[in-house]
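Student: Structure in structure tokens, see below.
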Amino acid sequence: MQEKYAHKDVERAAHAHWNANDAYRVTEVAGKKKFYACSMLPYPSGKLHMGHVRNYTINDMLTRYLRMNGHNVLMPMGWDAFGLPAENAALKNGVPPAKWTYENIAYMKQQMQAMGLAIDWSREVATCDPTYYKWNQWLFLKMLEKGIAYRKTQIVNWDPVDQTVLANEQVIDGKGWRTGATVEKREIPGYYLNITSYADELLDHVQLGNPKATLNGWPDKVRLMQENWIGKSEGVRFAFPHDIKGADGALIGDGKMYVFTTRADTIMGVTFCAVAAEHLLAQYAALTKPALAAFIEECKTGGTTEAELATQEKKGMATGLFVTHPLTGAQVEVWVGNYVLMSYGDGAVMGVPAHDERDFAFALKYQLPIKQVIAVDGETFSDEVWADSYADKQRGVCVNSGELDGLSQKAAVDKVAELLAAQGLGEKKTTFRLRDWGISRQRYWGTPIPIIHCAEHGAVPVPEQDLPVVLPQDCIPDGSGNPLHKHQGFHAGVVCPVCGKPARRETDTMDTFVDSSWYFMRYCDPTNSEKMVAEGADYWMPMDQYIGGIEHAILHLLYARFWTKVMRDLGLVKVDEPFSKLLTQGMVLNHIYSRRTEKGGKDYFWPQDVEHVLDEAGKVIGARLTKAVGDLPVGTAIDYEGVGTMSKSKNNGVDPQDLIEKYGADTARLYTMFTAPPEATLEWNDAAVEGSYRFLRRVWGFGNKLCATAGLGALAASVGRQTLSKAAKALRLEVHTVLKQVDYDYQRMQYNTVVSGAMKMLNALDDFKGDGSAGDNAALAEGFGILLRCIYPATPHIAHSLWVELGYAAAAGELLDAPWPQADEAALQRDEIELMLQINGKLRGSVTVPASADKAAIEAAALASEAFVKQANGAAPKKVVVVPGRLVNVVV
RNA sequence: GCCUCGAUGGUGAAAUUGGUAGACACAGCGGACUUAAAAUCCGCCGCUUUCCCGUGAGGGGGCGUACCGGUUCGACCCCGGUUCGAGGCACCA
């Protein structure tokens, strides 16, 4: 074998070997335990970044470990190929999104292959392929039939200059990213999926402590996040009656203004109501009040995100309209509030300043009355300063509330619901924070929504036999309007499927979350042209282990769960939940540097082109360019935004290519696994890569030393029949102790300590001074064979090469399917153990006892020990705590 | 603003989940080898220049897991509060 570790040769040879044997191709084998291990599919942004390397290496380690343990393991890969960045690239470079996307896929696929991932490429899926997105369209039509998909208005960010809808990411401080124009909220029609009708099941399966919960293999944090996102709340929906008539003379909303509240117990404290700017009452009042009309216009500026709405200044204006309090009969003024969302509930809320912090601030600002109706024992109420106890649901009791006085929160809610129901004005209602999923996007690079608009028949579904509705490949978006709308060949020239008259094709495309909601089922039978999913899915699903970034904890995972349930209800799959176990990989973060453009947008700079500017204390206060970028010269001051996730849009991804070139894929893989546990956030710093490379060189060097001894495989297997020296026994104790730990760490997927374990093994082997006897050689051969198998899932190339070169393969077969080593219990036996000795909980020495000693014997040994006698100064023990295998604590 | 998570030496981290804090590494320092450098090998490496013993190598004591407080024989781990950071907030994926 080569004396020096030549990673390029090692990796090239290993790839050739695996490719020649089609080593990762898997089929559905009955009678073998299947395991489906899958990573969240990447967006083909151009190059892999370290987050990908981390994600797929975790997946690969799991796959290889399980395969050695006798499982039939599937690890597929695909491309989340539709989306905004392709359109942005088209805007910037004039390249059609399709071309850009497919080139990126080709490059990234080659990078993945260089990494040596055990992917079954025969199952590759790209979501922009018509044979894939046809089934998005097909299922959408099924959902329309079932009433799960429906049409209603949605609120979008509208750029008035480019006449186009903007994604939230394209709105920077309320301005359009390219035009700098103030963005407006605009209502347009779109398709929705009725995810809320699955809210109860989605909650039950994920909720911690719920007896119906099935997702016990998910991290608690993700389950909690989903539970809070679904946000089930019990409350009361009721109406404030009124006699306000519209211009047509009819009562607006049939004379009832509905609100929803979880705090019906505070209904006697209502001093105003607030409605959304789009509410019918607001619109009506604005007709005669120019100031109000102006305010409603103002409410339309600003973004649509919840974060923005929640942090913006709460503003309101009175409408001059009054509704009637359903229980007291009092007249209550209706205000328009910029914090009330039309899309949530009925677009109107009751205002109880005394017991809701937001209402309290609103009342102070606009000098509205504050009426206390809940009291917490022993606390005084102030109508000037808010205290959290005013909103306390547990300790509060109704006051100033007529017949509700003295009732607890729960009892009061029941009573109020009863009173309202008696008048036909309201009832208890369960609501969810979860909203229906709006899937219409006014963009080009996505799945066309299969609808044809006819003047006579309205929105008509495209007949199933006409699917797929193929997306034209020649569109180059220019940033204005709706690209497909401008593409005449797509938009026009179609006929209504019902009447055959000229009609217009729907030009909206689907949210890309649709694509990623079921691709993992398509992997099971990716080329099936007859069915969306077939028998393959019955074999592989549910997925046994899903691996992906924590940033997908809510949206993607919730949509995929919903989509799976819809497919189940249509009889397409048998599973209730798609992902049995979930590992949420921590983000790989890097510094973010930006600079404002003249139009108010932002340019982002690659961290390698930037250096920090520090203040005297060494704190980063800014940054400047170390290279000319575009028109900007070296030294240009730019903004430092702190650290954040590596992304194309922030231009802060680190390409693993340099690492792979310089050190090889094994080092890149080993380093990402060693440097932090899979779930932890990782701030990127490649300073320690050398250490991982050094370890692999040492492994190689050790193999070189061993290769003088022939037939290592057979020698290793003979270890149980040899007479072992004391040193050899000590070596085996160390190797097998570490092996046991490594195996445990593999099972809990804590791969960083797997790597440390392998390093400990090599240290032990290296330190071993064998005398060349058969026993010593056997212990060495066994130990190195164990080490190779322990590192193989992390660094398959070097392990494969040494396994073959040193003759292990001849004895135990190819490493891919070599049996996983088992810790030898006999080698783990110790005669005596050392226990820590504590006095009053402080470490004061240790005591060595026979491994078989019971509690009484340990206690006696501890009290008799030199360390205790010396340090206790004759104090009498009051209590002795013995923790077997760990310590003795004597309380004196 | 809301939901979730995190914070341990100069650095990445470990501690089998309430029982020896800092395994394994990186960086650094000292030494060996070398004409020299690289590579390699050996040793040291939380703080305590302001605690004690020792001429010294070293040994001991005290402190120490973001901060404040609590529970416990014993707390990085459990509880209450605070600060800072990250992820998500429905059109980035």
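Labels for the structure tokens follow display order: chains A, B, ..., residues from 1 in each chain, ligands from 1.
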U17 of chain B: which residues within 12 Å, counting only C-alpha atoms (C1' of nucleotides), same-chain residues fewer than 6 positions away excluded, as an MDAnalysis selection string?
Tutor: chainID B and resid 76:78
Student: Could the residues in this selection be saved with N, CA, C and O atoms (P, O5', C5', C4', C3', O3' and C1' of nucleotides) as a short mmCIF file (atom, residue, chain, number, x, y, z; two decimals), in the first residue's frame?
Tutor:
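Output below, filename again-v2.cif:
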```
data_model
loop_
_atom_site.label_atom_id
_atom_site.label_comp_id
_atom_site.auth_asym_id
_atom_site.auth_seq_id
_atom_site.Cartn_x
_atom_site.Cartn_y
_atom_site.Cartn_z
P C B 76 -22.99 21.94 38.92
"O5'" C B 76 -23.13 22.36 37.39
"C5'" C B 76 -23.56 23.66 37.05
"C4'" C B 76 -24.07 23.66 35.65
"C3'" C B 76 -25.43 23.01 35.46
"O3'" C B 76 -26.45 23.93 35.77
"C1'" C B 76 -23.94 22.31 33.75
P C B 77 -27.75 23.48 36.59
"O5'" C B 77 -28.35 22.29 35.72
"C5'" C B 77 -28.87 22.51 34.42
"C4'" C B 77 -29.29 21.19 33.83
"C3'" C B 77 -30.42 20.52 34.61
"O3'" C B 77 -31.31 19.89 33.71
"C1'" C B 77 -28.53 19.10 34.55
P C B 78 -32.66 20.66 33.30
"O5'" C B 78 -33.48 20.57 34.67
"C5'" C B 78 -34.32 19.47 34.94
"C4'" C B 78 -35.10 19.73 36.21
"C3'" C B 78 -35.60 21.16 36.38
"O3'" C B 78 -36.82 21.35 35.68
"C1'" C B 78 -34.56 20.47 38.37
#
```
Student: Name the residues of segment 126-161 of chain A that fall into alpha helix (DSSP H) according to DSSP on the backbone, using the chain letters and numbers of this document, as a ChimeraX atom specification.
Tutor: /A:130-146
Student: Write the selection just made, keeping N, CA, C and O atoms, as a JSON list (two decimals), in the first residue's frame?
Tutor:
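Generated output (again_22.json):
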```json
[["chain", "number", "residue", "atom", "x", "y", "z"],
["A", 130, "PRO", "N", -41.99, 17.75, -15.47],
["A", 130, "PRO", "CA", -43.45, 17.59, -15.64],
["A", 130, "PRO", "C", -43.97, 16.24, -15.15],
["A", 130, "PRO", "O", -45.12, 16.15, -14.73],
["A", 131, "THR", "N", -43.11, 15.19, -15.20],
["A", 131, "THR", "CA", -43.61, 13.89, -14.73],
["A", 131, "THR", "C", -43.78, 13.90, -13.20],
["A", 131, "THR", "O", -44.44, 13.04, -12.65],
["A", 132, "TYR", "N", -43.15, 14.86, -12.54],
["A", 132, "TYR", "CA", -43.38, 15.01, -11.11],
["A", 132, "TYR", "C", -44.55, 15.95, -10.85],
["A", 132, "TYR", "O", -45.53, 15.59, -10.20],
["A", 133, "TYR", "N", -44.47, 17.17, -11.41],
["A", 133, "TYR", "CA", -45.48, 18.15, -10.99],
["A", 133, "TYR", "C", -46.86, 17.87, -11.58],
["A", 133, "TYR", "O", -47.84, 18.43, -11.13],
["A", 134, "LYS", "N", -46.90, 16.98, -12.56],
["A", 134, "LYS", "CA", -48.20, 16.51, -13.03],
["A", 134, "LYS", "C", -49.05, 16.06, -11.86],
["A", 134, "LYS", "O", -50.26, 16.29, -11.80],
["A", 135, "TRP", "N", -48.40, 15.40, -10.92],
["A", 135, "TRP", "CA", -49.16, 14.83, -9.79],
["A", 135, "TRP", "C", -49.54, 15.88, -8.76],
["A", 135, "TRP", "O", -50.50, 15.69, -8.02],
["A", 136, "ASN", "N", -48.80, 17.00, -8.70],
["A", 136, "ASN", "CA", -49.26, 18.14, -7.89],
["A", 136, "ASN", "C", -50.61, 18.59, -8.43],
["A", 136, "ASN", "O", -51.55, 18.87, -7.69],
["A", 137, "GLN", "N", -50.64, 18.70, -9.78],
["A", 137, "GLN", "CA", -51.85, 19.19, -10.45],
["A", 137, "GLN", "C", -52.99, 18.20, -10.27],
["A", 137, "GLN", "O", -54.13, 18.58, -9.98],
["A", 138, "TRP", "N", -52.66, 16.94, -10.41],
["A", 138, "TRP", "CA", -53.68, 15.90, -10.31],
["A", 138, "TRP", "C", -54.30, 15.90, -8.90],
["A", 138, "TRP", "O", -55.51, 15.87, -8.74],
["A", 139, "LEU", "N", -53.44, 15.97, -7.87],
["A", 139, "LEU", "CA", -53.98, 15.94, -6.52],
["A", 139, "LEU", "C", -54.75, 17.23, -6.21],
["A", 139, "LEU", "O", -55.75, 17.20, -5.50],
["A", 140, "PHE", "N", -54.27, 18.33, -6.78],
["A", 140, "PHE", "CA", -54.99, 19.59, -6.60],
["A", 140, "PHE", "C", -56.43, 19.46, -7.13],
["A", 140, "PHE", "O", -57.39, 19.88, -6.48],
["A", 141, "LEU", "N", -56.57, 18.84, -8.29],
["A", 141, "LEU", "CA", -57.91, 18.65, -8.87],
["A", 141, "LEU", "C", -58.77, 17.75, -7.98],
["A", 141, "LEU", "O", -59.97, 17.98, -7.80],
["A", 142, "LYS", "N", -58.15, 16.72, -7.42],
["A", 142, "LYS", "CA", -58.87, 15.84, -6.49],
["A", 142, "LYS", "C", -59.34, 16.65, -5.28],
["A", 142, "LYS", "O", -60.43, 16.45, -4.76],
["A", 143, "MET", "N", -58.46, 17.55, -4.81],
["A", 143, "MET", "CA", -58.83, 18.35, -3.65],
["A", 143, "MET", "C", -59.96, 19.32, -3.98],
["A", 143, "MET", "O", -60.81, 19.59, -3.15],
["A", 144, "LEU", "N", -59.95, 19.82, -5.23],
["A", 144, "LEU", "CA", -61.06, 20.68, -5.65],
["A", 144, "LEU", "C", -62.37, 19.90, -5.60],
["A", 144, "LEU", "O", -63.37, 20.37, -5.08],
["A", 145, "GLU", "N", -62.32, 18.66, -6.12],
["A", 145, "GLU", "CA", -63.52, 17.81, -6.11],
["A", 145, "GLU", "C", -64.03, 17.59, -4.71],
["A", 145, "GLU", "O", -65.22, 17.60, -4.45],
["A", 146, "LYS", "N", -63.10, 17.38, -3.78],
["A", 146, "LYS", "CA", -63.47, 17.08, -2.39],
["A", 146, "LYS", "C", -63.79, 18.33, -1.59],
["A", 146, "LYS", "O", -64.14, 18.24, -0.41]]
```
Student: Identify, on the basis of only C-alpha atoms (C1' of nucleotides), every residue whose closest approach to Gly775 of chain A does not exceed 10 Å; exclude the query and any residue fewer than 3 positions from it along the same chain; express the result as a ChimeraX atom specification.
Tutor: /A:715-716,718-725,728-729,770-772,778-781
Student: Residues of chain A no more than 7 Å from chain B, counting only C-alpha atoms (C1' of nucleotides): send them over as number ranges by chain.
Tutor: A: 43, 167-169, 221, 225, 228, 306-307, 310-311, 550-551, 675-676, 688, 691, 756, 759, 836, 840-841, 881, 883, 886-887, 889, 891
Student: Mind dumping the selected residues with C-alpha atoms as a PDB file, in the first residue's frame?
Tutor:
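Output saved as out-v2.pdb:
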```
ATOM      1  CA  TYR A  43     -32.900  23.707  -3.354  1.00  0.00           C
ATOM      2  CA  ALA A 167     -42.475  37.900  -1.676  1.00  0.00           C
ATOM      3  CA  ASN A 168     -41.903  38.966   1.926  1.00  0.00           C
ATOM      4  CA  GLU A 169     -38.185  38.588   1.295  1.00  0.00           C
ATOM      5  CA  LYS A 221     -39.235  21.268  20.787  1.00  0.00           C
ATOM      6  CA  MET A 225     -43.705  24.510  18.163  1.00  0.00           C
ATOM      7  CA  ASN A 228     -48.413  26.315  19.447  1.00  0.00           C
ATOM      8  CA  GLU A 306     -47.031  38.721  11.548  1.00  0.00           C
ATOM      9  CA  ALA A 307     -43.771  39.999  13.011  1.00  0.00           C
ATOM     10  CA  ALA A 310     -47.058  42.688  15.950  1.00  0.00           C
ATOM     11  CA  THR A 311     -44.292  45.235  16.355  1.00  0.00           C
ATOM     12  CA  ILE A 550     -34.601  23.093  12.293  1.00  0.00           C
ATOM     13  CA  GLU A 551     -35.828  26.006  10.163  1.00  0.00           C
ATOM     14  CA  THR A 675     -17.047  19.694  15.332  1.00  0.00           C
ATOM     15  CA  ALA A 676     -20.496  19.762  16.929  1.00  0.00           C
ATOM     16  CA  ALA A 688      -9.730  23.060  13.093  1.00  0.00           C
ATOM     17  CA  GLY A 691      -6.952  18.138  13.125  1.00  0.00           C
ATOM     18  CA  SER A 756     -13.920  11.158  19.573  1.00  0.00           C
ATOM     19  CA  MET A 759      -9.728   8.910  18.153  1.00  0.00           C
ATOM     20  CA  MET A 836     -14.997   9.048  44.210  1.00  0.00           C
ATOM     21  CA  ASN A 840     -20.494  16.765  52.591  1.00  0.00           C
ATOM     22  CA  GLY A 841     -20.780  16.781  48.810  1.00  0.00           C
ATOM     23  CA  VAL A 881     -24.908   7.998  50.142  1.00  0.00           C
ATOM     24  CA  VAL A 883     -23.956   5.548  44.123  1.00  0.00           C
ATOM     25  CA  ARG A 886     -19.751   6.267  40.808  1.00  0.00           C
ATOM     26  CA  LEU A 887     -19.152   7.677  44.249  1.00  0.00           C
ATOM     27  CA  ASN A 889     -20.771  10.770  49.796  1.00  0.00           C
ATOM     28  CA  VAL A 891     -22.339  13.563  55.411  1.00  0.00           C
TER      29      VAL A 891
END
```
Student: Give me, as a list in words, all polymer residues having an atom no more than 10 Å from Glu535 of chain A, counting only C-alpha atoms (C1' of nucleotides) and skipping those fewer than 6 positions away in the same chain.
Tutor: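 Neighbouring residues, sequence-local ones excluded: Glu28, Cys524, Asp525, Met541, Leu572 and Val573 of chain A.
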Student: Pick out the residues sitting within 7 Å of segment 393-406 of chain A, and hand them over as a list in words; count only C-alpha atoms (C1' of nucleotides), and ignore anything fewer than 6 positions along from it in its own chain.
Tutor: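 Final neighbour list, sorted by chain and number: Met268, Val373, Ile374, Ala375, Val376 and Ala412 of chain A.
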Student: Can those selected residues be exported to a file as a PDB file, in the first residue's frame so that it contains N, CA, C and O atoms?
Tutor:
```
ATOM      1  N   MET A 268     -68.074  42.043  30.377  1.00  0.00           N
ATOM      2  CA  MET A 268     -68.660  43.225  30.996  1.00  0.00           C
ATOM      3  C   MET A 268     -67.689  44.405  31.011  1.00  0.00           C
ATOM      4  O   MET A 268     -68.076  45.529  31.329  1.00  0.00           O
ATOM      5  N   VAL A 373     -63.213  44.492  35.586  1.00  0.00           N
ATOM      6  CA  VAL A 373     -64.274  43.511  35.852  1.00  0.00           C
ATOM      7  C   VAL A 373     -63.716  42.204  36.410  1.00  0.00           C
ATOM      8  O   VAL A 373     -64.473  41.260  36.656  1.00  0.00           O
ATOM      9  N   ILE A 374     -62.400  42.134  36.571  1.00  0.00           N
ATOM     10  CA  ILE A 374     -61.770  40.964  37.173  1.00  0.00           C
ATOM     11  C   ILE A 374     -60.860  41.482  38.279  1.00  0.00           C
ATOM     12  O   ILE A 374     -60.163  42.480  38.082  1.00  0.00           O
ATOM     13  N   ALA A 375     -60.897  40.827  39.432  1.00  0.00           N
ATOM     14  CA  ALA A 375     -60.015  41.237  40.519  1.00  0.00           C
ATOM     15  C   ALA A 375     -59.223  40.040  41.001  1.00  0.00           C
ATOM     16  O   ALA A 375     -59.749  38.931  41.084  1.00  0.00           O
ATOM     17  N   VAL A 376     -57.959  40.274  41.286  1.00  0.00           N
ATOM     18  CA  VAL A 376     -57.132  39.246  41.893  1.00  0.00           C
ATOM     19  C   VAL A 376     -56.990  39.618  43.352  1.00  0.00           C
ATOM     20  O   VAL A 376     -56.674  40.770  43.688  1.00  0.00           O
ATOM     21  N   ALA A 412     -67.339  31.764  34.599  1.00  0.00           N
ATOM     22  CA  ALA A 412     -67.891  32.966  33.978  1.00  0.00           C
ATOM     23  C   ALA A 412     -68.029  32.782  32.470  1.00  0.00           C
ATOM     24  O   ALA A 412     -69.018  33.210  31.873  1.00  0.00           O
TER      25      ALA A 412
END
```
Student: Set the distance at 12 Å and use only C-alpha atoms (C1' of nucleotides): which residues neighbour Met1 of chain A once local chain neighbours fewer than 6 positions away are removed? I'd like the list as a list in words.
Tutor: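 My list of contacting residues is Asp9, Val10, Trp700, Gly701, Phe702, Gly703, Asn704, Lys705, Leu706, Cys707, Ala708, Ser801, Leu802, Trp803, Val804, Glu805, Leu806 and Gly807 of chain A.
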Student: Now that the selection is made, can you save its residues with C-alpha atoms as a compact mmCIF listing (two decimals), in the first residue's frame?
Tutor:
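Contents of again22.txt, freshly written:
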```
# COMPACT_ATOMS: atom_id res chain seq x y z
CA ASP A 9 -6.30 8.26 -5.05
CA VAL A 10 -8.10 6.64 -2.14
CA TRP A 700 -3.37 5.53 7.43
CA GLY A 701 0.09 5.51 8.99
CA PHE A 702 -0.99 2.97 11.56
CA GLY A 703 -2.40 0.78 8.81
CA ASN A 704 0.97 1.00 7.12
CA LYS A 705 2.69 -0.21 10.26
CA LEU A 706 0.26 -3.11 10.57
CA CYS A 707 0.43 -4.23 6.97
CA ALA A 708 3.70 -5.99 7.66
CA SER A 801 -9.23 1.17 1.24
CA LEU A 802 -7.54 0.00 4.45
CA TRP A 803 -10.08 -2.75 5.00
CA VAL A 804 -9.22 -4.24 1.63
CA GLU A 805 -5.46 -3.57 1.70
CA LEU A 806 -4.92 -5.10 5.12
CA GLY A 807 -6.86 -8.25 4.39
```
Student: Between B:A7, B:G59, B:U82, B:U65, single out the one closest to A21 of chain B, counting only C-alpha atoms (C1' of nucleotides).
Tutor: B:U65
Student: Please identify all polymer residues within 8 Å of segment 347-356 of chain A, counting only C-alpha atoms (C1' of nucleotides), omitting same-chain residues fewer than 2 positions from it, and present them as JSON, numbers by chain.
Tutor: {"A": [257, 258, 259, 260, 261, 266, 267, 269, 270, 271, 272, 273, 274, 275, 276, 279, 340, 341, 342, 343, 344, 345, 358, 359, 360, 361, 362, 363, 369, 370, 371, 372, 373, 374, 383, 390, 391]}
Student: Do you have the atom CA of Met567 of chain A-atom CA of Trp518 of chain A distance handy?
Tutor: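 Interatomic distance, atom CA of Met567 of chain A to atom CA of Trp518 of chain A: 9.3 Å.
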Student: From the options B:U40, B:G10, B:C47, B:G31, which residue's atoms come nearest to G64 of chain B, counting only C-alpha atoms (C1' of nucleotides)?
Tutor: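 Nearest candidate to G64 of chain B out of B:U40, B:G10, B:C47, B:G31: B:C47.
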